[in-house]
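> I'd like to ask some things about the structure below.
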Number of protein chains: 2
Amino acid sequence: MSNRRGASREEWADRIAALDQREQVRKEPITVDRIVTTALRMVETEGFDALTMRRVAAALDTGPASLYAHVRNKAELDDLLIGALSRNVELPPPDAARWREQVLDVFTQLRDQFLRFPGISRAALSAPPTNLDTLRVTEGLLALFLAGGVAPRVAAWTIDAALLYVSAYTFEVSLRAGGVDREEVLARLRMLPASRFPHTAAHVEELNSGAEHERFDFALGLLLRGIA
Amino acid sequence: MSNRRGASREEWADRIAALDQREQVRKEPITVDRIVTTALRMVETEGFDALTMRRVAAALDTGPASLYAHVRNKAELDDLLIGALSRNVELPPPDAARWREQVLDVFTQLRDQFLRFPGISRAALSAPPTNLDTLRVTEGLLALFLAGGVAPRVAAWTIDAALLYVSAYTFEVSLRAGGVDREEVLARLRMLPASRFPHTAAHVEELNSGAEHERFDFALGLLLRGIA
DNA sequence: TCTACTTACGAACACTGTTCGTGTCAACTG
DNA sequence: CAGTTGACACGAACAGTGTTCGTAAGTAGA
């Protein structure tokens with residue numbers, strides 16, 4: 001069994017293999033943090049649809065099975081991404097005098113974070129309402145509303161509505177960005193028969209107007225203005 | 001070539017096979033309508049996630065490839081579903097005196113249609129803005145707003161915001177329905193440390209309140225009240 | 001009767017998330 | 001120091017997904 005030459009050969013091979021392993025494989029063990037940052041970079045550059053367990057694993061030079069030791073699910077990974085994204089939102093100390101302004105600022109930060117990682121708002125809509133990092137944001141928002149003298153229930157429901165709107169808005173914007181362009185939509189709308197779509201045809205330009213985030217500001221203004 | 005006996009045998013077999021075919025296969029050819037109604041029933045009973053090309057095909061006693069002769073994509077099928085759903089929405093003739101009431105009614109119809117087909121709001125968010133059936137709904141809404149004396153641009157943007165909200169709201173409700181129950185969420189929220197989440201902890205009950213569609217009515221009320 | 005054309009569909013491709021069993025290494029224990 | 005334990009890594013595979021290709025079959029027209 002123990003041929004001395006054979007053994008020394010195996011040792012030899014092992015040592016050579018160990019040379020590469022020490023420098024490449026064993027250098028950086030897989031951690032949750034590395035998974036999340038890799039996934040985030042992936043979403044940022046290629047969109048949420050391009051985020052698959054296999055591609056994250058490949059970016060970490062391993063197979064998909066290795067990820068499941070650190071992350072329960074793809075859903076949990078999505079949740080972690082939403083958390084990491086939420087941590088980028090800065091919460092201002094409440095200033096009762098300009099609470100509406102501060103609230104709008106937080107929602108705008110959230111909007112920009114969602115747009116920075118295209119398509120991730122779908123994960124935000126699916127995320128459980130017990131994510132600690134998103135709860136930090138709602139806590140901060142609640143502080144601003146309460147400082148402004150808004151009743152707790154009204155504050156809670158308004159925050160809820162605005163968060164839903166921000167998610168849906170950014171989701172749609174992300175879709176449009178990679179899909180059909182505005183000109184094509186406009187051209188098709190102009191083809192509508194005035195007989196069946198009188199008002200739409202008459203106001204096509206206004207329907208399709210709203211550069212940048214005018215519609216966003218309008219909608220949030222509506223929500224905040226409605227509060228007593 | 002033409003052996004009479006052999007020929008008659010083949011004919012015989014063909015006729016027997018034709019007996020079954022005439023009654024089963026050839027009875028109902030595949031059409032777009034049959035695909036859509038089958039898919040809708042499937043979404044209604046099992047949710048949008050259960051809607052796959054393969055399962056629709058199986059319900060029609062065929063393979064998935066057969067669907068692609070009538071429907072370009074899964075995306076197009078989704079679009080057709082949204083169209084069929086939109087056709088269920090009744091548009092009232094504008095009555096300037098009670099336009100807000102009428103608008104709320106249309107959005108409520110839309111909400112209930114979305115909830116009737118759980119998860120389909122995701123398709124609604126992804127649907128192109130040129131779907132003729134959804135344009136019919138927005139045309140009807142536009143008519144109501146304009147009859148109420150609302151400026152076209154304000155009307156268009158408010159409709160847009162409200163549609164986004166309805167989609168997001170129904171999507172979330174559909175998720176919660178099949179997922180974690182309210183009690184579990186409440187229990188977890190009650191565990192939050194008051195040191196880090198003072199306002200959230202203080203108003204847990206109000207945050208989680210809102211039976212049925214109270215939050216929905218509240219949000220739409222906010223949007224409509226914000227209009228001059 | 002023979003041809004042209006639309007429809008139907010079995011099989012396969014390239015993906016997806018996820019699990020099982022095995023391997024391999026590090027650190028604690030005798 | 002030797003040996004065992006336990007956590008981590010991962011190749012291979014499973015059951016799905018949307019979609020395409022090439023072929024078969026049936027209907028309609030000449």
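For the structure tokens, the naming scheme is as follows: chains receive sequential letters (A, B, ...) according to their order of presentation, residues are indexed from 1 within each chain, and ligands are indexed from 1 in presentation order.
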Compile the contact shell of region 105-115 of chain A as number ranges by chain: residues with an atom at most 8 Å away, counting only C-alpha atoms (C1' of nucleotides), same-chain residues fewer than 6 positions apart removed.

A: 85-86, 88-91, 121, 141, 162-163, 166-167, 170, 173-174

> At most 12 Å is the cut-off: for each residue in chain C with any atom that close to an atom of chain A, write down the nearest atom pair and the distance in Å rounded to one decimal, counting only C-alpha atoms (C1' of nucleotides), chain first then increasing number, as a tab-separated table.


```
residue	atom	partner	partner_atom	distance
C:DC15	C1'	A:Arg54	CA	10.3
C:DT16	C1'	A:Thr52	CA	7.9
C:DG17	C1'	A:Lys74	CA	7.6
C:DT18	C1'	A:Ala65	CA	8.2
C:DT19	C1'	A:Ala65	CA	8.6
C:DC20	C1'	A:Ala65	CA	10.4
C:DT24	C1'	A:Arg26	CA	11.7
C:DC25	C1'	A:Arg26	CA	9.7
C:DA26	C1'	A:Arg26	CA	11.7
```

> Output as JSON, numbers by chain all residues of region 67-136 of chain B that backbone DSSP marks as alpha helix (DSSP H).

{"B": [74, 75, 76, 77, 78, 79, 80, 81, 82, 83, 84, 85, 86, 99, 100, 101, 102, 103, 104, 105, 106, 107, 108, 109, 110, 111, 112, 113, 114, 115, 116, 121, 122, 123, 124, 125, 126, 132, 133, 134, 135, 136]}

> May I have the selected residues written with N, CA and C atoms, as a short mmCIF file (atom, residue, chain, number, x, y, z; two decimals), in the first residue's frame?


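Wrote it out as part.cif, contents follow:
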```cif
data_model
loop_
_atom_site.label_atom_id
_atom_site.label_comp_id
_atom_site.auth_asym_id
_atom_site.auth_seq_id
_atom_site.Cartn_x
_atom_site.Cartn_y
_atom_site.Cartn_z
N LYS B 74 -45.28 35.00 -22.94
CA LYS B 74 -46.00 35.02 -21.66
C LYS B 74 -46.39 36.47 -21.34
N ALA B 75 -45.53 37.41 -21.68
CA ALA B 75 -45.83 38.82 -21.43
C ALA B 75 -47.10 39.23 -22.16
N GLU B 76 -47.26 38.74 -23.38
CA GLU B 76 -48.46 39.11 -24.13
C GLU B 76 -49.70 38.47 -23.49
N LEU B 77 -49.53 37.24 -23.00
CA LEU B 77 -50.65 36.61 -22.31
C LEU B 77 -51.03 37.42 -21.07
N ASP B 78 -50.04 37.83 -20.31
CA ASP B 78 -50.30 38.67 -19.14
C ASP B 78 -51.06 39.93 -19.55
N ASP B 79 -50.61 40.52 -20.64
CA ASP B 79 -51.25 41.73 -21.14
C ASP B 79 -52.71 41.47 -21.48
N LEU B 80 -52.96 40.34 -22.12
CA LEU B 80 -54.34 39.98 -22.47
C LEU B 80 -55.20 39.80 -21.22
N LEU B 81 -54.59 39.23 -20.18
CA LEU B 81 -55.32 39.04 -18.93
C LEU B 81 -55.71 40.39 -18.33
N ILE B 82 -54.77 41.30 -18.31
CA ILE B 82 -55.07 42.64 -17.79
C ILE B 82 -56.19 43.28 -18.61
N GLY B 83 -56.15 43.07 -19.91
CA GLY B 83 -57.21 43.60 -20.76
C GLY B 83 -58.56 43.02 -20.41
N ALA B 84 -58.61 41.70 -20.29
CA ALA B 84 -59.88 41.04 -19.97
C ALA B 84 -60.42 41.51 -18.62
N LEU B 85 -59.51 41.69 -17.69
CA LEU B 85 -59.86 42.16 -16.35
C LEU B 85 -60.40 43.59 -16.41
N SER B 86 -59.77 44.41 -17.22
CA SER B 86 -60.18 45.81 -17.33
C SER B 86 -61.58 45.92 -17.93
N TRP B 99 -68.58 63.79 -8.89
CA TRP B 99 -67.48 63.19 -9.66
C TRP B 99 -66.49 62.45 -8.77
N ARG B 100 -66.22 62.99 -7.57
CA ARG B 100 -65.27 62.31 -6.67
C ARG B 100 -65.79 60.92 -6.31
N GLU B 101 -67.05 60.85 -5.99
CA GLU B 101 -67.70 59.59 -5.66
C GLU B 101 -67.55 58.59 -6.81
N GLN B 102 -67.80 59.08 -8.02
CA GLN B 102 -67.72 58.21 -9.19
C GLN B 102 -66.29 57.72 -9.42
N VAL B 103 -65.34 58.63 -9.24
CA VAL B 103 -63.94 58.26 -9.42
C VAL B 103 -63.55 57.17 -8.42
N LEU B 104 -63.93 57.40 -7.17
CA LEU B 104 -63.62 56.41 -6.14
C LEU B 104 -64.23 55.06 -6.47
N ASP B 105 -65.44 55.10 -7.03
CA ASP B 105 -66.11 53.85 -7.41
C ASP B 105 -65.32 53.09 -8.46
N VAL B 106 -64.82 53.79 -9.46
CA VAL B 106 -64.06 53.12 -10.51
C VAL B 106 -62.78 52.50 -9.95
N PHE B 107 -62.07 53.25 -9.12
CA PHE B 107 -60.84 52.71 -8.54
C PHE B 107 -61.14 51.53 -7.63
N THR B 108 -62.27 51.59 -6.96
CA THR B 108 -62.66 50.47 -6.10
C THR B 108 -62.96 49.23 -6.93
N GLN B 109 -63.63 49.41 -8.05
CA GLN B 109 -63.88 48.29 -8.96
C GLN B 109 -62.56 47.67 -9.40
N LEU B 110 -61.63 48.55 -9.75
CA LEU B 110 -60.33 48.08 -10.20
C LEU B 110 -59.63 47.29 -9.09
N ARG B 111 -59.68 47.83 -7.89
CA ARG B 111 -59.08 47.15 -6.74
C ARG B 111 -59.68 45.75 -6.57
N ASP B 112 -60.99 45.66 -6.65
CA ASP B 112 -61.64 44.36 -6.44
C ASP B 112 -61.32 43.39 -7.56
N GLN B 113 -61.19 43.90 -8.77
CA GLN B 113 -60.78 43.02 -9.87
C GLN B 113 -59.37 42.48 -9.63
N PHE B 114 -58.48 43.35 -9.20
CA PHE B 114 -57.11 42.92 -8.92
C PHE B 114 -57.09 41.88 -7.80
N LEU B 115 -57.94 42.10 -6.79
CA LEU B 115 -57.94 41.17 -5.66
C LEU B 115 -58.60 39.85 -6.03
N ARG B 116 -59.48 39.91 -7.01
CA ARG B 116 -60.15 38.69 -7.45
C ARG B 116 -59.15 37.75 -8.12
N SER B 121 -51.63 42.00 -10.15
CA SER B 121 -51.24 43.42 -10.21
C SER B 121 -49.79 43.56 -10.65
N ARG B 122 -48.99 42.53 -10.42
CA ARG B 122 -47.61 42.58 -10.92
C ARG B 122 -47.61 42.70 -12.43
N ALA B 123 -48.50 41.95 -13.07
CA ALA B 123 -48.63 42.05 -14.52
C ALA B 123 -49.14 43.43 -14.91
N ALA B 124 -50.02 43.98 -14.06
CA ALA B 124 -50.56 45.32 -14.35
C ALA B 124 -49.45 46.36 -14.34
N LEU B 125 -48.54 46.22 -13.39
CA LEU B 125 -47.44 47.17 -13.32
C LEU B 125 -46.51 47.03 -14.52
N SER B 126 -46.37 45.80 -15.01
CA SER B 126 -45.47 45.56 -16.13
C SER B 126 -46.14 45.81 -17.48
N LEU B 132 -55.29 48.69 -25.01
CA LEU B 132 -56.52 49.39 -25.36
C LEU B 132 -57.59 49.30 -24.27
N ASP B 133 -57.63 48.17 -23.58
CA ASP B 133 -58.65 48.00 -22.56
C ASP B 133 -58.37 48.83 -21.31
N THR B 134 -57.11 48.94 -20.94
CA THR B 134 -56.79 49.80 -19.81
C THR B 134 -56.93 51.27 -20.22
N LEU B 135 -56.67 51.55 -21.48
CA LEU B 135 -56.86 52.93 -21.96
C LEU B 135 -58.34 53.31 -21.89
N ARG B 136 -59.20 52.33 -22.10
CA ARG B 136 -60.63 52.60 -21.98
C ARG B 136 -60.96 53.06 -20.55
#
```

> Give the answer as one residue: which of A:Pro129, A:Pro118, A:Gly149, A:Pro193 has the shortest atom-to-atom distance to chain B, using only C-alpha atoms?

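Going through A:Pro129, A:Pro118, A:Gly149, A:Pro193 one by one, the smallest distance to chain B is for A:Pro129.
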
> Ranking A:Glu214, A:Asp61, A:Glu44, A:Glu28 by minimum distance to chain B and counting only C-alpha atoms, which one comes first?

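So, comparing all the options, the nearest one is A:Glu214.
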
> Write out the coordinates of chain A as a short mmCIF file (atom, residue, chain, number, x, y, z; two decimals) with C-alpha atoms, in the first residue's frame after a least-squares overlay onto chain B built on all ordered Cα pairs.


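Output below, filename superposed-v6.cif:
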```cif
data_model
loop_
_atom_site.label_atom_id
_atom_site.label_comp_id
_atom_site.auth_asym_id
_atom_site.auth_seq_id
_atom_site.Cartn_x
_atom_site.Cartn_y
_atom_site.Cartn_z
CA MET A 1 -46.10 -1.81 -51.91
CA SER A 2 -49.88 -1.62 -52.04
CA ASN A 3 -50.94 -4.75 -50.31
CA ARG A 4 -54.70 -4.63 -50.33
CA ARG A 5 -55.01 -6.16 -46.89
CA GLY A 6 -52.43 -3.84 -45.38
CA ALA A 7 -54.11 -0.85 -46.91
CA SER A 8 -57.51 -1.81 -45.60
CA ARG A 9 -55.98 -2.30 -42.19
CA GLU A 10 -54.52 1.17 -42.21
CA GLU A 11 -57.83 2.60 -43.31
CA TRP A 12 -59.50 0.67 -40.58
CA ALA A 13 -57.12 2.06 -37.97
CA ASP A 14 -57.46 5.55 -39.34
CA ARG A 15 -61.22 5.43 -39.15
CA ILE A 16 -61.16 4.21 -35.59
CA ALA A 17 -58.71 6.94 -34.67
CA ALA A 18 -60.88 9.44 -36.53
CA LEU A 19 -63.84 8.49 -34.36
CA ASP A 20 -62.11 9.76 -31.27
CA GLN A 21 -60.58 12.76 -33.00
CA ARG A 22 -63.86 14.00 -34.39
CA GLU A 23 -65.35 14.10 -30.95
CA GLN A 24 -62.44 15.25 -28.85
CA VAL A 25 -59.63 17.02 -30.63
CA ARG A 26 -61.39 18.64 -33.56
CA LYS A 27 -64.34 19.70 -31.50
CA GLU A 28 -62.76 22.86 -30.11
CA PRO A 29 -59.91 24.55 -31.93
CA ILE A 30 -57.55 26.67 -29.88
CA THR A 31 -58.33 30.37 -30.00
CA VAL A 32 -57.04 33.43 -28.21
CA ASP A 33 -60.30 33.65 -26.33
CA ARG A 34 -60.08 30.11 -25.02
CA ILE A 35 -56.51 30.74 -23.92
CA VAL A 36 -57.42 33.94 -22.10
CA THR A 37 -60.46 32.55 -20.32
CA THR A 38 -58.54 29.45 -19.28
CA ALA A 39 -55.67 31.59 -18.00
CA LEU A 40 -58.04 33.90 -16.15
CA ARG A 41 -59.76 31.01 -14.40
CA MET A 42 -56.36 29.66 -13.46
CA VAL A 43 -55.23 32.96 -11.95
CA GLU A 44 -58.52 33.34 -10.13
CA THR A 45 -58.26 30.00 -8.37
CA GLU A 46 -54.51 29.49 -8.00
CA GLY A 47 -52.93 32.91 -8.27
CA PHE A 48 -50.74 34.60 -10.83
CA ASP A 49 -47.63 32.62 -9.92
CA ALA A 50 -49.37 29.40 -10.92
CA LEU A 51 -49.97 30.76 -14.41
CA THR A 52 -47.45 29.18 -16.75
CA MET A 53 -47.65 28.53 -20.45
CA ARG A 54 -47.30 24.82 -19.79
CA ARG A 55 -50.20 24.71 -17.37
CA VAL A 56 -52.46 26.70 -19.66
CA ALA A 57 -51.55 24.37 -22.50
CA ALA A 58 -52.18 21.33 -20.33
CA ALA A 59 -55.61 22.68 -19.39
CA LEU A 60 -56.35 22.91 -23.09
CA ASP A 61 -55.10 19.36 -23.66
CA THR A 62 -52.11 20.33 -25.74
CA GLY A 63 -48.44 21.22 -25.51
CA PRO A 64 -46.96 24.63 -24.77
CA ALA A 65 -45.84 25.18 -28.36
CA SER A 66 -49.44 25.33 -29.53
CA LEU A 67 -50.07 28.53 -27.63
CA TYR A 68 -47.41 30.46 -29.48
CA ALA A 69 -49.44 30.35 -32.69
CA HIS A 70 -52.03 32.62 -31.04
CA VAL A 71 -50.00 34.54 -28.50
CA ARG A 72 -46.61 36.07 -29.12
CA ASN A 73 -45.32 35.92 -25.57
CA LYS A 74 -46.15 35.26 -22.00
CA ALA A 75 -45.96 39.05 -21.70
CA GLU A 76 -48.62 39.38 -24.38
CA LEU A 77 -50.80 36.86 -22.58
CA ASP A 78 -50.41 38.89 -19.38
CA ASP A 79 -51.36 41.96 -21.32
CA LEU A 80 -54.47 40.24 -22.67
CA LEU A 81 -55.44 39.26 -19.13
CA ILE A 82 -55.15 42.84 -17.94
CA GLY A 83 -57.30 43.85 -20.87
CA ALA A 84 -59.97 41.29 -20.09
CA LEU A 85 -59.94 42.36 -16.45
CA SER A 86 -60.26 46.02 -17.38
CA ARG A 87 -63.31 45.27 -19.47
CA ASN A 88 -65.08 44.25 -16.27
CA VAL A 89 -64.86 47.81 -14.97
CA GLU A 90 -68.04 49.81 -15.50
CA LEU A 91 -67.61 53.48 -16.26
CA PRO A 92 -70.41 55.71 -14.99
CA PRO A 93 -71.65 58.63 -17.10
CA PRO A 94 -70.06 61.76 -15.59
CA ASP A 95 -72.13 63.57 -12.98
CA ALA A 96 -70.31 66.77 -12.10
CA ALA A 97 -72.02 67.04 -8.72
CA ARG A 98 -70.57 63.80 -7.36
CA TRP A 99 -67.43 63.31 -9.39
CA ARG A 100 -65.22 62.36 -6.43
CA GLU A 101 -67.64 59.65 -5.44
CA GLN A 102 -67.69 58.32 -9.00
CA VAL A 103 -63.91 58.35 -9.24
CA LEU A 104 -63.57 56.46 -6.00
CA ASP A 105 -66.08 53.93 -7.29
CA VAL A 106 -64.05 53.23 -10.43
CA PHE A 107 -60.83 52.80 -8.47
CA THR A 108 -62.64 50.50 -6.06
CA GLN A 109 -63.88 48.39 -8.96
CA LEU A 110 -60.34 48.17 -10.23
CA ARG A 111 -59.09 47.19 -6.79
CA ASP A 112 -61.64 44.41 -6.52
CA GLN A 113 -60.80 43.12 -9.97
CA PHE A 114 -57.13 42.98 -9.05
CA LEU A 115 -57.95 41.18 -5.80
CA ARG A 116 -60.18 38.75 -7.63
CA PHE A 117 -57.14 37.59 -9.60
CA PRO A 118 -54.44 37.45 -6.92
CA GLY A 119 -51.02 38.66 -7.94
CA ILE A 120 -52.11 39.92 -11.35
CA SER A 121 -51.27 43.49 -10.36
CA ARG A 122 -47.65 42.65 -11.11
CA ALA A 123 -48.69 42.19 -14.71
CA ALA A 124 -50.62 45.44 -14.48
CA LEU A 125 -47.48 47.29 -13.43
CA SER A 126 -45.55 45.71 -16.28
CA ALA A 127 -48.25 46.22 -18.88
CA PRO A 128 -47.49 48.74 -21.62
CA PRO A 129 -49.42 52.01 -21.34
CA THR A 130 -50.93 51.47 -24.77
CA ASN A 131 -53.32 48.67 -23.86
CA LEU A 132 -56.64 49.73 -25.38
CA ASP A 133 -58.75 48.30 -22.58
CA THR A 134 -56.86 50.04 -19.81
CA LEU A 135 -56.93 53.20 -21.89
CA ARG A 136 -60.70 52.89 -21.90
CA VAL A 137 -60.64 53.01 -18.10
CA THR A 138 -58.30 55.99 -17.94
CA GLU A 139 -60.42 57.73 -20.57
CA GLY A 140 -63.47 57.21 -18.38
CA LEU A 141 -61.61 58.46 -15.33
CA LEU A 142 -60.39 61.48 -17.23
CA ALA A 143 -63.98 62.26 -18.20
CA LEU A 144 -65.01 62.19 -14.55
CA PHE A 145 -62.18 64.47 -13.44
CA LEU A 146 -62.74 66.96 -16.23
CA ALA A 147 -66.46 67.02 -15.51
CA GLY A 148 -65.49 67.88 -11.95
CA GLY A 149 -63.58 70.88 -13.21
CA VAL A 150 -60.10 69.52 -12.56
CA ALA A 151 -57.33 70.84 -14.79
CA PRO A 152 -56.24 68.26 -17.40
CA ARG A 153 -52.66 67.99 -16.20
CA VAL A 154 -53.66 67.62 -12.57
CA ALA A 155 -56.25 65.05 -13.58
CA ALA A 156 -53.77 63.03 -15.63
CA TRP A 157 -51.15 62.99 -12.90
CA THR A 158 -53.62 62.16 -10.16
CA ILE A 159 -55.01 59.26 -12.17
CA ASP A 160 -51.49 58.06 -12.77
CA ALA A 161 -50.62 58.21 -9.08
CA ALA A 162 -53.84 56.52 -8.00
CA LEU A 163 -53.44 53.71 -10.53
CA LEU A 164 -49.92 53.06 -9.29
CA TYR A 165 -51.17 53.02 -5.72
CA VAL A 166 -54.01 50.61 -6.50
CA SER A 167 -51.64 48.22 -8.21
CA ALA A 168 -49.12 48.29 -5.37
CA TYR A 169 -51.83 48.01 -2.74
CA THR A 170 -53.50 44.99 -4.30
CA PHE A 171 -50.17 43.37 -4.97
CA GLU A 172 -49.26 43.62 -1.31
CA VAL A 173 -52.65 42.39 -0.15
CA SER A 174 -52.36 39.38 -2.43
CA LEU A 175 -48.96 38.60 -0.98
CA ARG A 176 -50.12 38.83 2.61
CA ALA A 177 -53.12 36.65 1.85
CA GLY A 178 -51.04 33.65 0.94
CA GLY A 179 -48.13 34.37 3.22
CA VAL A 180 -47.51 35.31 6.82
CA ASP A 181 -50.56 36.09 8.87
CA ARG A 182 -51.14 39.34 10.73
CA GLU A 183 -50.73 37.83 14.15
CA GLU A 184 -47.22 36.66 13.41
CA VAL A 185 -46.22 40.12 12.17
CA LEU A 186 -47.81 41.76 15.19
CA ALA A 187 -45.98 39.42 17.55
CA ARG A 188 -42.68 40.25 15.95
CA LEU A 189 -43.32 43.97 16.02
CA ARG A 190 -44.14 43.75 19.71
CA MET A 191 -40.65 42.34 20.29
CA LEU A 192 -39.01 45.51 19.00
CA PRO A 193 -36.82 47.25 21.62
CA ALA A 194 -38.27 50.58 22.65
CA SER A 195 -34.75 51.95 22.86
CA ARG A 196 -34.14 51.78 19.15
CA PHE A 197 -37.73 51.94 17.89
CA PRO A 198 -39.52 54.21 20.36
CA HIS A 199 -42.34 55.45 18.13
CA THR A 200 -42.89 52.16 16.36
CA ALA A 201 -43.07 50.30 19.64
CA ALA A 202 -45.41 52.89 21.12
CA HIS A 203 -47.90 52.64 18.24
CA VAL A 204 -47.67 49.04 17.16
CA GLU A 205 -51.41 48.57 17.28
CA GLU A 206 -52.11 51.60 15.14
CA LEU A 207 -49.41 50.69 12.67
CA ASN A 208 -50.98 47.33 12.11
CA SER A 209 -54.57 48.54 12.22
CA GLY A 210 -56.83 49.12 9.26
CA ALA A 211 -59.34 46.36 8.76
CA GLU A 212 -60.55 45.46 5.28
CA HIS A 213 -59.83 48.35 2.98
CA GLU A 214 -59.67 51.23 5.43
CA ARG A 215 -56.11 51.99 4.38
CA PHE A 216 -57.18 51.96 0.73
CA ASP A 217 -60.00 54.43 1.30
CA PHE A 218 -57.70 56.58 3.38
CA ALA A 219 -55.00 56.76 0.71
CA LEU A 220 -57.38 57.53 -2.12
CA GLY A 221 -59.14 60.09 0.02
CA LEU A 222 -55.78 61.74 0.59
CA LEU A 223 -55.06 61.87 -3.12
CA LEU A 224 -58.47 63.26 -4.03
CA ARG A 225 -58.58 65.72 -1.16
CA GLY A 226 -55.26 67.17 -2.22
CA ILE A 227 -56.77 68.43 -5.45
CA ALA A 228 -57.74 72.06 -5.29
#
```

> From the list D:DT20, D:DA15, D:DT4, D:DC10, which residue is nearest chain B when using only C-alpha atoms (C1' of nucleotides)?

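Result for the nearest residue to chain B: D:DT20.
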
> Report as CSV: every residue of chain D with an atom at most 9 Å from chain B, its closest pair of atoms, and their distance in Å to one decimal, counting only C-alpha atoms (C1' of nucleotides), with rows sorted by chain and ascending residue number.


```
residue,atom,partner,partner_atom,distance
D:DT17,C1',B:Thr52,CA,7.9
D:DG18,C1',B:Lys74,CA,7.6
D:DT19,C1',B:Ala65,CA,8.2
D:DT20,C1',B:Ala65,CA,8.6
```

> Just to be explicit: take each residue in the selection above, keep C-alpha atoms (C1' of nucleotides), and write the result as a PDB file, in the first residue's frame.


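Output contents, as saved in part-v3.pdb:
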```
ATOM      1  C1'  DT D  17     -39.580  27.787 -16.039  1.00  0.00           C
ATOM      2  C1'  DG D  18     -40.138  30.296 -21.001  1.00  0.00           C
ATOM      3  C1'  DT D  19     -39.174  29.536 -25.651  1.00  0.00           C
ATOM      4  C1'  DT D  20     -37.821  27.556 -30.376  1.00  0.00           C
TER       5       DT D  20
END
```
